[in-house]
>>> print(open('target18.txt').read())   # compact mmCIF, C-alpha atoms
# COMPACT_ATOMS: atom_id res chain seq x y z
CA MET I 35 -29.93 -37.12 -5.46
CA ASN I 36 -33.03 -36.43 -3.48
CA ILE I 37 -34.26 -32.93 -3.05
CA ASN I 38 -35.66 -32.60 0.42
CA LEU I 39 -36.07 -30.25 3.35
CA THR I 40 -32.31 -29.97 3.58
CA MET I 41 -32.37 -27.62 0.62
CA LEU I 42 -34.64 -25.11 2.33
CA MET I 43 -32.61 -25.26 5.51
CA GLN I 44 -29.41 -24.77 3.57
CA ALA I 45 -30.97 -21.80 1.81
CA VAL I 46 -31.90 -20.29 5.17
CA GLY I 47 -28.37 -20.91 6.39
CA PHE I 48 -26.95 -19.30 3.27
CA GLY I 49 -29.18 -16.28 3.84
CA LEU I 50 -28.01 -16.02 7.43
CA PHE I 51 -24.37 -16.17 6.38
CA ILE I 52 -24.98 -13.47 3.76
CA TRP I 53 -26.65 -11.29 6.36
CA PHE I 54 -23.82 -11.87 8.81
CA THR I 55 -21.16 -11.08 6.21
CA ALA I 56 -22.93 -7.97 4.98
CA LYS I 57 -23.45 -6.68 8.50
CA PHE I 58 -20.38 -7.64 10.48
CA ILE I 59 -17.57 -8.64 8.14
CA TRP I 60 -17.73 -6.66 4.93
CA PRO I 61 -18.10 -3.06 6.15
CA PRO I 62 -15.31 -2.95 8.76
CA LEU I 63 -12.87 -4.75 6.50
CA THR I 64 -13.49 -2.60 3.46
CA ARG I 65 -13.40 0.47 5.70
CA ALA I 66 -10.03 -0.59 7.05
CA VAL I 67 -8.74 -1.26 3.54
CA GLU I 68 -10.05 2.04 2.22
CA THR I 69 -8.66 3.96 5.18
CA ARG I 70 -5.31 2.36 4.61
CA GLN I 71 -5.46 3.15 0.90
CA LYS I 72 -6.15 6.77 1.80
CA GLN I 73 -3.30 6.77 4.29
CA ILE I 74 -0.94 5.35 1.72
CA ALA I 75 -2.11 7.88 -0.87
CA ASP I 76 -1.65 10.68 1.67
CA GLY I 77 1.78 9.36 2.55
CA LEU I 78 2.80 9.23 -1.09
CA ALA I 79 1.49 12.75 -1.62
CA ALA I 80 3.37 13.95 1.46
CA GLY I 81 6.51 12.26 0.17
CA GLU I 82 6.11 13.96 -3.18
CA GLN I 83 5.55 17.28 -1.46
CA GLY I 84 8.62 16.70 0.67
CA ARG I 85 10.65 15.94 -2.43
CA GLN I 86 9.44 19.13 -4.06
CA SER I 87 10.16 21.29 -1.03
CA LEU I 88 13.59 19.67 -0.79
CA ALA I 89 14.25 20.60 -4.41
CA SER I 90 13.11 24.18 -3.87
CA ALA I 91 15.17 24.39 -0.67
CA GLU I 92 18.20 23.17 -2.57
CA LYS I 93 17.58 25.79 -5.22
CA ARG I 94 17.24 28.48 -2.58
CA ILE I 95 20.42 27.29 -0.89
CA ALA I 96 22.26 27.45 -4.20
CA GLU I 97 20.99 30.98 -4.70
CA MET I 98 22.05 31.96 -1.21
CA ILE I 99 25.51 30.47 -1.73
CA ALA I 100 25.92 32.35 -4.98
CA GLU I 101 24.76 35.53 -3.31
CA ALA I 102 27.10 35.03 -0.37
CA ARG I 103 29.97 34.31 -2.73
CA ALA I 104 29.26 37.48 -4.66
CA LYS I 105 29.08 39.48 -1.45
CA ALA I 106 32.32 37.98 -0.20
CA GLY I 107 34.00 38.85 -3.49
CA GLU I 108 32.71 42.37 -3.14
CA ILE I 109 34.01 42.61 0.40
CA VAL I 110 37.40 41.28 -0.64
CA ALA I 111 37.54 43.77 -3.51
CA THR I 112 36.58 46.61 -1.20
CA GLY I 113 39.22 45.54 1.28
CA GLU I 114 41.78 45.30 -1.47
CA LYS I 115 40.93 48.77 -2.66
CA PHE I 116 41.00 50.15 0.87
CA ARG I 117 44.35 48.49 1.50
CA SER I 118 45.92 49.89 -1.64
CA GLU I 119 44.48 53.33 -0.93
CA THR I 120 45.80 53.22 2.61
CA MET I 121 49.18 52.11 1.37
CA ASP I 122 49.34 54.88 -1.20
CA GLN I 123 48.38 57.42 1.42
CA ALA I 124 50.97 56.02 3.79
CA LYS I 125 53.61 56.23 1.10
CA ILE I 126 52.71 59.83 0.41
CA ASP I 127 52.70 60.64 4.12
CA ALA I 128 56.00 58.90 4.64
CA ARG I 129 57.55 60.74 1.76
CA ALA I 130 56.28 64.07 3.09
CA GLU I 131 57.51 63.22 6.54
CA GLY I 132 60.87 62.28 5.12
CA ASP I 133 61.06 65.49 3.17
CA ARG I 134 60.14 67.42 6.23
CA ILE I 135 62.82 65.68 8.32
CA ILE I 136 65.38 66.26 5.63
CA ALA I 137 64.42 69.93 5.42
CA ALA I 138 64.66 70.29 9.16
CA ALA I 139 68.04 68.61 9.19
CA LYS I 140 69.27 70.85 6.41
CA ALA I 141 68.10 73.93 8.27
CA GLU I 142 69.82 72.73 11.42
CA ILE I 143 72.99 72.09 9.46
CA GLN I 144 72.72 75.56 8.04
CA GLN I 145 72.33 76.99 11.48
CA GLU I 146 75.22 74.91 12.78
CA VAL I 147 77.34 76.11 9.90
CA ALA I 148 76.33 79.72 10.56
CA ARG I 149 77.05 79.32 14.26
CA ALA I 150 80.38 77.71 13.53
CA LYS I 151 81.20 80.48 11.12
CA GLU I 152 80.29 83.07 13.75
CA GLN I 153 82.43 81.36 16.38
CA LEU I 154 85.22 81.01 13.91
CA ARG I 155 84.88 84.67 13.00
CA ASN I 156 84.93 85.70 16.66
CA GLN I 157 87.92 83.50 17.35
CA VAL I 158 89.68 84.86 14.25
CA ALA I 159 88.84 88.39 15.42
CA ASP I 160 90.10 87.53 18.89
CA LEU I 161 93.18 86.02 17.35
CA ALA I 162 93.64 89.11 15.19
CA VAL I 163 93.19 91.38 18.20
CA ALA I 164 95.59 89.26 20.24
CA GLY I 165 98.09 89.32 17.34
CA ALA I 166 97.73 93.05 16.91
CA SER I 167 98.07 93.67 20.63
CA ARG I 168 101.20 91.52 20.69
CA ILE I 169 102.48 93.55 17.77
CA LEU I 170 101.58 96.81 19.44
CA LYS I 171 102.84 95.49 22.76
CA ARG I 172 99.99 96.98 24.38
CA GLU I 173 96.59 96.15 25.47
CA VAL I 174 93.98 96.77 22.93
CA VAL I 175 91.07 98.11 24.80
CA ALA I 176 88.12 96.45 23.40
CA LYS I 177 86.02 99.32 24.47
CA ASP I 178 88.04 101.87 22.68
CA HIS I 179 88.39 99.91 19.52
CA ALA I 180 84.98 98.48 19.39
CA GLU I 181 84.24 100.13 16.17
CA LEU I 182 87.40 98.86 14.61
CA LEU I 183 86.86 95.34 15.91
CA ALA I 184 83.33 95.22 14.61
CA ALA I 185 84.53 96.39 11.22
CA ILE I 186 87.19 93.64 11.14
CA ARG I 187 84.74 91.03 12.28
CA SER I 188 82.27 91.95 9.55
CA GLU I 189 85.00 91.84 6.98
CA LEU I 190 85.97 88.30 7.87
CA MET A 238 -11.36 -49.76 8.00
CA ALA A 239 -14.05 -49.74 10.59
CA ALA A 240 -16.55 -51.57 8.49
CA THR A 241 -15.76 -54.37 6.12
CA TYR A 242 -17.50 -54.47 2.81
CA GLU A 243 -18.71 -57.42 0.78
CA ASN A 244 -17.84 -55.86 -2.55
CA PRO A 245 -16.86 -52.52 -4.13
CA THR A 246 -20.45 -51.61 -4.88
CA GLU A 247 -21.36 -51.83 -1.25
CA TYR A 248 -18.30 -49.77 -0.32
CA ILE A 249 -19.22 -47.01 -2.70
CA ASN A 250 -22.90 -47.08 -1.91
CA HIS A 251 -22.15 -46.89 1.76
CA HIS A 252 -19.90 -43.89 1.29
CA LEU A 253 -22.40 -42.14 -0.92
CA SER A 254 -25.33 -42.58 1.45
CA PHE A 255 -26.58 -39.64 3.45
CA PHE A 256 -27.23 -39.62 7.13
CA THR A 257 -30.94 -38.90 6.76
CA GLN A 258 -33.49 -38.14 9.41
CA PRO A 259 -37.17 -38.16 8.42
CA VAL A 260 -39.09 -35.35 10.04
CA GLY A 261 -42.48 -35.88 8.49
CA PRO A 262 -44.43 -38.00 6.04
CA GLY A 263 -43.21 -38.31 2.48
CA GLY A 264 -39.77 -38.18 0.88
CA PHE A 265 -39.49 -34.39 1.00
CA TRP A 266 -39.75 -34.14 4.77
CA THR A 267 -36.35 -35.58 5.32
CA VAL A 268 -33.24 -33.84 6.55
CA ASN A 269 -29.72 -34.75 5.54
CA VAL A 270 -28.17 -34.32 8.96
CA ASP A 271 -24.63 -34.76 7.67
CA THR A 272 -24.90 -32.01 5.08
CA LEU A 273 -26.58 -29.59 7.45
CA LEU A 274 -24.32 -30.29 10.38
CA THR A 275 -21.10 -30.10 8.37
CA SER A 276 -22.02 -26.92 6.53
CA ALA A 277 -23.29 -25.30 9.71
CA VAL A 278 -20.15 -26.16 11.67
CA ILE A 279 -17.64 -25.13 9.04
CA GLY A 280 -19.75 -22.10 8.10
CA VAL A 281 -19.87 -20.90 11.69
CA LEU A 282 -16.16 -21.62 12.15
CA THR A 283 -15.21 -19.82 8.94
CA PHE A 284 -17.40 -16.78 9.36
CA GLY A 285 -16.59 -16.70 13.06
CA PHE A 286 -12.92 -16.58 12.10
CA LEU A 287 -13.59 -13.78 9.62
CA TRP A 288 -15.56 -11.93 12.25
CA LEU A 289 -12.74 -12.25 14.79
CA VAL A 290 -10.28 -10.91 12.24
CA THR A 291 -12.68 -8.10 11.39
CA ARG A 292 -13.10 -7.11 15.02
CA LYS A 293 -9.36 -6.59 15.33
CA ALA A 294 -9.07 -5.04 11.88
CA ARG A 295 -7.30 -1.72 11.81
CA ALA A 296 -6.24 0.62 9.07
CA GLY A 297 -2.58 0.63 10.03
CA VAL A 298 -0.11 -2.12 9.27
CA PRO A 299 -2.25 -5.28 9.17
CA SER A 300 -1.39 -8.53 10.92
CA ARG A 301 -0.69 -11.52 8.72
CA THR A 302 -4.15 -12.92 9.35
CA GLN A 303 -5.79 -9.62 8.57
CA ALA A 304 -3.72 -9.27 5.42
CA PHE A 305 -4.77 -12.75 4.34
CA VAL A 306 -8.45 -12.00 4.91
CA GLU A 307 -8.11 -8.64 3.21
CA LEU A 308 -6.50 -10.35 0.26
CA ALA A 309 -9.59 -12.53 -0.15
CA VAL A 310 -11.94 -9.60 0.40
CA ASP A 311 -10.03 -7.44 -2.04
CA PHE A 312 -9.97 -10.23 -4.60
CA VAL A 313 -13.75 -10.62 -4.41
CA HIS A 314 -14.21 -6.85 -4.41
CA GLU A 315 -12.15 -6.43 -7.57
CA GLN A 316 -14.07 -9.18 -9.34
CA VAL A 317 -17.40 -7.68 -8.35
CA LYS A 318 -16.33 -4.19 -9.38
CA SER A 319 -15.27 -5.42 -12.80
CA ILE A 320 -18.65 -7.03 -13.48
CA TYR A 321 -21.28 -5.23 -11.47
CA ASN A 322 -21.91 -1.52 -11.95
CA GLY A 323 -25.15 -1.25 -10.02
CA SER A 324 -25.68 0.70 -6.85
CA SER A 325 -26.50 -2.13 -4.44
CA ARG A 326 -23.95 -2.45 -1.67
CA MET A 327 -25.12 -5.98 -0.96
CA VAL A 328 -23.69 -7.62 -4.06
CA ALA A 329 -20.08 -7.67 -2.91
CA PRO A 330 -20.90 -9.20 0.50
CA ILE A 331 -23.10 -11.76 -1.25
CA ALA A 332 -20.20 -12.64 -3.54
CA LEU A 333 -17.81 -12.90 -0.60
CA THR A 334 -20.19 -15.13 1.34
CA THR A 335 -20.74 -17.34 -1.68
CA PHE A 336 -17.05 -17.66 -2.44
CA VAL A 337 -15.97 -18.38 1.12
CA LEU A 338 -18.82 -20.73 1.89
CA VAL A 339 -18.46 -22.76 -1.30
CA LEU A 340 -14.69 -22.82 -0.91
CA VAL A 341 -14.72 -24.22 2.61
CA MET A 342 -17.49 -26.67 1.82
CA ASN A 343 -15.58 -27.87 -1.24
CA ALA A 344 -12.40 -28.02 0.80
CA MET A 345 -13.95 -30.71 2.98
CA ASP A 346 -13.14 -32.95 0.05
CA PHE A 347 -9.47 -32.78 1.02
CA LEU A 348 -10.12 -34.77 4.17
CA PRO A 349 -9.13 -38.41 3.57
CA ILE A 350 -12.47 -40.00 3.07
CA ASP A 351 -11.94 -43.36 4.72
CA VAL A 352 -10.03 -41.98 7.68
CA VAL A 353 -12.83 -39.56 8.48
CA ALA A 354 -15.45 -42.23 7.85
CA THR A 355 -13.67 -44.53 10.27
CA GLY A 356 -13.53 -41.83 12.89
CA LEU A 357 -17.17 -40.93 12.43
CA HIS A 358 -18.10 -44.58 12.56
CA ALA A 359 -16.30 -44.86 15.86
CA VAL A 360 -18.47 -42.09 17.37
CA GLY A 361 -21.67 -43.60 16.05
CA PHE A 362 -22.21 -42.00 12.67
CA ASP A 363 -22.53 -44.95 10.34
CA LYS A 364 -23.33 -43.01 7.23
CA TYR A 365 -21.94 -39.54 6.94
CA ARG A 366 -21.06 -37.49 3.89
CA PHE A 367 -18.94 -34.58 4.88
CA VAL A 368 -18.73 -32.67 1.59
CA PRO A 369 -21.86 -30.48 1.66
CA THR A 370 -21.42 -29.32 -1.93
CA ALA A 371 -21.51 -32.93 -3.10
CA ASP A 372 -25.10 -32.89 -1.90
CA VAL A 373 -27.47 -31.57 -4.52
CA ASN A 374 -29.57 -29.99 -1.79
CA THR A 375 -26.79 -27.60 -0.90
CA THR A 376 -25.98 -26.55 -4.42
CA PHE A 377 -29.63 -26.09 -5.28
CA ALA A 378 -30.14 -24.10 -2.10
CA LEU A 379 -27.33 -21.77 -3.10
CA ALA A 380 -28.35 -21.55 -6.75
CA LEU A 381 -32.02 -21.00 -5.98
CA SER A 382 -31.13 -18.32 -3.42
CA VAL A 383 -29.13 -16.61 -6.13
CA PHE A 384 -32.07 -17.12 -8.48
CA GLY A 385 -34.31 -15.42 -5.92
CA LEU A 386 -31.85 -12.54 -5.63
CA MET A 387 -31.80 -12.30 -9.40
CA ILE A 388 -35.61 -11.93 -9.56
CA PHE A 389 -35.51 -9.55 -6.60
CA TYR A 390 -32.96 -7.25 -8.19
CA SER A 391 -34.68 -7.47 -11.56
CA ILE A 392 -37.94 -6.26 -10.05
CA LYS A 393 -36.20 -3.75 -7.81
CA VAL A 394 -34.39 -2.12 -10.72
CA LYS A 395 -37.09 -2.29 -13.40
CA GLY A 396 -40.21 -2.40 -11.28
CA LEU A 397 -42.69 -5.26 -11.40
CA GLY A 398 -44.24 -3.91 -14.62
CA GLY A 399 -40.87 -3.51 -16.26
CA TRP A 400 -39.88 -7.01 -15.31
CA ILE A 401 -43.08 -8.53 -16.70
CA HIS A 402 -42.72 -6.39 -19.78
CA GLU A 403 -39.27 -7.77 -20.31
CA LEU A 404 -40.52 -11.32 -19.88
CA PHE A 405 -42.79 -10.84 -22.86
CA CYS A 406 -41.00 -8.31 -25.01
CA ALA A 407 -37.32 -9.27 -24.78
CA PRO A 408 -35.24 -10.39 -26.54
CA PHE A 409 -37.09 -10.63 -29.88
CA GLY A 410 -39.32 -7.57 -29.77
CA SER A 411 -42.58 -6.22 -28.47
CA ASN A 412 -44.83 -7.47 -31.26
CA PRO A 413 -47.71 -9.41 -29.58
CA LEU A 414 -47.11 -12.28 -31.99
CA LEU A 415 -43.65 -12.67 -30.49
CA TRP A 416 -44.81 -12.67 -26.86
CA PRO A 417 -45.06 -16.49 -26.54
CA PHE A 418 -41.59 -16.94 -27.99
CA ASN A 419 -40.13 -14.27 -25.76
CA LEU A 420 -41.76 -15.81 -22.71
CA LEU A 421 -40.57 -19.27 -23.66
CA PHE A 422 -37.07 -18.00 -24.25
CA ASN A 423 -36.99 -16.20 -20.92
CA LEU A 424 -38.40 -19.19 -19.06
CA VAL A 425 -35.75 -21.44 -20.55
CA GLU A 426 -33.13 -18.95 -19.50
CA TYR A 427 -34.54 -18.64 -16.00
CA VAL A 428 -34.69 -22.40 -15.59
CA SER A 429 -31.29 -23.07 -17.08
CA LYS A 430 -29.45 -20.55 -14.93
CA PRO A 431 -30.01 -22.13 -11.51
CA LEU A 432 -29.82 -25.62 -13.00
CA SER A 433 -26.43 -25.13 -14.61
CA HIS A 434 -25.26 -23.03 -11.66
CA SER A 435 -26.01 -25.74 -9.11
CA LEU A 436 -25.33 -28.86 -11.15
CA ARG A 437 -21.93 -27.64 -12.27
CA LEU A 438 -20.76 -27.39 -8.69
CA PHE A 439 -22.53 -30.54 -7.61
CA GLY A 440 -21.20 -32.55 -10.53
CA ASN A 441 -17.63 -31.50 -9.95
CA MET A 442 -17.67 -32.21 -6.26
CA TYR A 443 -19.63 -35.43 -6.57
CA ALA A 444 -17.30 -36.72 -9.27
CA GLY A 445 -14.31 -35.71 -7.18
CA GLU A 446 -15.63 -37.65 -4.23
CA LEU A 447 -16.42 -40.64 -6.41
CA ILE A 448 -12.91 -40.70 -7.85
CA PHE A 449 -11.48 -40.62 -4.33
CA LEU A 450 -13.64 -43.63 -3.56
CA LEU A 451 -12.54 -45.47 -6.68
CA ILE A 452 -8.92 -44.76 -5.85
CA GLY A 453 -9.63 -45.88 -2.28
CA MET A 454 -10.63 -49.28 -3.56
CA TRP A 455 -7.02 -49.99 -4.46
CA ALA A 456 -6.52 -50.51 -0.76
CA ALA A 457 -8.52 -53.71 -1.05
CA THR A 458 -5.98 -55.28 -3.41
CA GLY A 459 -3.10 -55.71 -1.02
CA ILE A 460 -0.06 -53.76 0.06
CA VAL A 461 1.19 -52.86 -3.44
CA GLY A 462 -2.26 -51.72 -4.46
CA THR A 463 -2.51 -49.64 -1.29
CA VAL A 464 0.76 -47.85 -2.03
CA PHE A 465 -0.26 -47.33 -5.64
CA GLY A 466 -3.65 -46.09 -4.49
CA ALA A 467 -1.99 -43.66 -2.07
CA VAL A 468 0.11 -42.23 -4.89
CA LEU A 469 -2.96 -41.85 -7.09
CA ASP A 470 -4.83 -40.32 -4.19
CA LEU A 471 -2.08 -37.78 -3.68
CA GLY A 472 -2.11 -36.86 -7.35
CA TRP A 473 -5.87 -36.50 -7.43
CA SER A 474 -5.82 -34.45 -4.19
CA ILE A 475 -3.33 -32.02 -5.65
CA PHE A 476 -5.39 -31.70 -8.82
CA HIS A 477 -8.46 -31.36 -6.65
CA ILE A 478 -7.05 -28.24 -4.99
CA LEU A 479 -7.47 -26.59 -8.36
CA ILE A 480 -11.00 -27.90 -8.80
CA VAL A 481 -12.09 -26.84 -5.32
CA ALA A 482 -10.81 -23.30 -5.73
CA LEU A 483 -11.90 -23.04 -9.34
CA GLN A 484 -15.45 -24.21 -8.68
CA ALA A 485 -15.80 -21.81 -5.75
CA TYR A 486 -14.53 -19.02 -8.00
CA ILE A 487 -16.86 -19.99 -10.85
CA PHE A 488 -19.81 -20.22 -8.51
CA MET A 489 -19.08 -16.76 -7.13
CA MET A 490 -18.53 -15.27 -10.57
CA LEU A 491 -21.76 -16.71 -11.91
CA THR A 492 -23.60 -15.36 -8.87
CA VAL A 493 -22.28 -11.88 -9.58
CA VAL A 494 -22.87 -12.19 -13.30
CA TYR A 495 -26.47 -13.32 -12.83
CA ILE A 496 -27.19 -10.50 -10.40
CA ALA A 497 -25.49 -8.01 -12.71
CA MET A 498 -27.50 -9.30 -15.66
CA ALA A 499 -30.68 -8.83 -13.66
CA HIS A 500 -29.84 -5.11 -13.55
CA GLU A 501 -29.65 -4.76 -17.31
CA HIS A 502 -32.48 -3.18 -19.21
CA HIS A 503 -33.47 -4.63 -22.55
>>> encode(input="target18.txt", output="structure tokens")
Amino acid sequence: MNINLTMLMQAVGFGLFIWFTAKFIWPPLTRAVETRQKQIADGLAAGEQGRQSLASAEKRIAEMIAEARAKAGEIVATGEKFRSETMDQAKIDARAEGDRIIAAAKAEIQQEVARAKEQLRNQVADLAVAGASRILKREVVAKDHAELLAAIRSEL
Amino acid sequence: MAATYENPTEYINHHLSFFTQPVGPGGFWTVNVDTLLTSAVIGVLTFGFLWLVTRKARAGVPSRTQAFVELAVDFVHEQVKSIYNGSSRMVAPIALTTFVLVLVMNAMDFLPIDVVATGLHAVGFDKYRFVPTADVNTTFALALSVFGLMIFYSIKVKGLGGWIHELFCAPFGSNPLLWPFNLLFNLVEYVSKPLSHSLRLFGNMYAGELIFLLIGMWAATGIVGTVFGAVLDLGWSIFHILIVALQAYIFMMLTVVYIAMAHEHH
């Protein structure tokens, strides 16, 4: 347990090691640690931000889906309305067309009937003239008896 | 065993003798070559290792070695931050140096004492003590350096006048009648700090070494004693891991506490 020069030399050595540590070891290491801490903090903050923006994006998406659904419903309703309107119109048109066709047919029938009646009347008149001429044994001159024939024809 | 011993006393004395080299007249002008050489070599190796790690240090994902070193640095940093609130940026590096240096010097105690002694004997070192902290010169060197830092910071923070004022006027009061008592109290405190600081470490490491030697003596009693001694040695080594780390930690903490106390105004 002798105190001797060793102590002073050890103290100098200790001082040198302190100087070395303070100059070359401590600053870079703590800088690296602090930089990493900052990076980690930044990363965590970025993660949090990402989570938040994800949540807001999800909210926006939900809003957009709801909006799109509403719009689609609207479109479907409009289409439905348009369809039923078109169908109603078509029904009305078809009915009118049908009525028109029926009317035309009836008029044609009327005409046919009138024409048939006319023919019939002429034939009957012809028959009557032929019968009369056979009875009279002579030719009935249509020209001479035109007045008479017309009167018969109108009577039929 | 390279050397044979007459009796246990000679064995222990031989192992507890320093490799001294007189450099001048008188007992003080002597150098303990073993202490200096060992502490210089392991100090350079350790701090060189730290420096190499530091040079490659980067902020990204650290290598295992870097993470290990950062763990130690962070540990010391946290301890210093919890005790010291001053502005000096030197205190944390001082604490780190103290912790690492004392730890590696203490850790030399793990080397099997007789094996190393045999090896050293073979290369010509007859007497060689390879635990620097079991040399009172080392522990006093560290403690007195810390003592110097303590005075330095005290004067730096309070000014020379403030420091002298505190010597006379704290802790009892500034009444001139109390000045002698204050001074006496402060002197006792200033003497006891480095004494307890250094002798605590020295005592622990010296006792540890001595117990290794006592256990080593079992080897002289035959094969059964050797085996028994080996088991005891293992047990003491494992317990010694705690002591080595704990003493390094205590030494560092006291260093920080003393320097922090020097910053306090009374």
>>> interface_residues(input="target18.txt", of="chain A", to="chain I", cutoff="7 Å", atoms="only C-alpha atoms", output="ChimeraX atom specification")
/A:264-269,273,287-288,291,294-297,307,327,330-331,334,373-375,377-379,382
>>> closest_residue(input="target18.txt", among="A:Val468, A:Val328, A:Ile478, A:Val281", to="Leu348 (chain A)", atoms="all atoms listed in the file")
A:Ile478
>>> residues_near_point(input="target18.txt", point="(-10.1, -32.5, -0.5)", cutoff="12 Å", atoms="all atoms listed in the file", output="PyMOL selection string")
chain A and resi 340-350+353+367-368+370-371+442-443+445-449+470-482
>>> closest_residue(input="target18.txt", among="A:Tyr486, A:Asp372, A:Leu421, A:Leu404", to="Ala309 (chain A)", atoms="only C-alpha atoms")
A:Tyr486
>>> closest_atom_pairs(input="target18.txt", of="region 397-417 of chain A", to="region 423-437 of chain A", cutoff="10 Å", atoms="all atoms listed in the file", output="CSV")
residue,atom,partner,partner_atom,distance
A:Glu403,CA,A:Asn423,CA,8.8
A:Leu404,CA,A:Asn423,CA,6.1
A:Phe405,CA,A:Asn423,CA,8.1
A:Cys406,CA,A:Asn423,CA,9.7
A:Ala407,CA,A:Asn423,CA,7.9
A:Pro408,CA,A:Asn423,CA,8.3
A:Pro417,CA,A:Asn423,CA,9.8
>>> atom_distance(input="target18.txt", atom1="CA of Ser325 (chain A)", atom2="CA of Arg292 (chain A)")
24.1 Å
>>> build_atoms(input="target18.txt", residues="region 70-81 of chain I", atoms="N, CA and C atoms", output="short mmCIF file (atom, residue, chain, number, x, y, z; two decimals), keeping the file's coordinate frame")
data_model
loop_
_atom_site.label_atom_id
_atom_site.label_comp_id
_atom_site.auth_asym_id
_atom_site.auth_seq_id
_atom_site.Cartn_x
_atom_site.Cartn_y
_atom_site.Cartn_z
N ARG I 70 -6.74 2.56 4.84
CA ARG I 70 -5.31 2.36 4.61
C ARG I 70 -4.90 2.89 3.23
N GLN I 71 -5.77 2.64 2.24
CA GLN I 71 -5.46 3.15 0.90
C GLN I 71 -5.30 4.66 0.94
N LYS I 72 -6.22 5.30 1.70
CA LYS I 72 -6.15 6.77 1.80
C LYS I 72 -4.85 7.18 2.49
N GLN I 73 -4.54 6.44 3.57
CA GLN I 73 -3.30 6.77 4.29
C GLN I 73 -2.09 6.64 3.38
N ILE I 74 -2.09 5.56 2.61
CA ILE I 74 -0.94 5.35 1.72
C ILE I 74 -0.88 6.46 0.68
N ALA I 75 -2.07 6.81 0.14
CA ALA I 75 -2.11 7.88 -0.87
C ALA I 75 -1.61 9.18 -0.25
N ASP I 76 -2.09 9.45 0.98
CA ASP I 76 -1.65 10.68 1.67
C ASP I 76 -0.13 10.65 1.87
N GLY I 77 0.34 9.48 2.30
CA GLY I 77 1.78 9.36 2.55
C GLY I 77 2.58 9.61 1.28
N LEU I 78 2.09 9.03 0.18
CA LEU I 78 2.80 9.23 -1.09
C LEU I 78 2.78 10.70 -1.48
N ALA I 79 1.60 11.34 -1.28
CA ALA I 79 1.49 12.75 -1.62
C ALA I 79 2.44 13.57 -0.76
N ALA I 80 2.48 13.22 0.55
CA ALA I 80 3.37 13.95 1.46
C ALA I 80 4.82 13.77 1.03
N GLY I 81 5.15 12.52 0.63
CA GLY I 81 6.51 12.26 0.17
C GLY I 81 6.86 13.11 -1.05
#
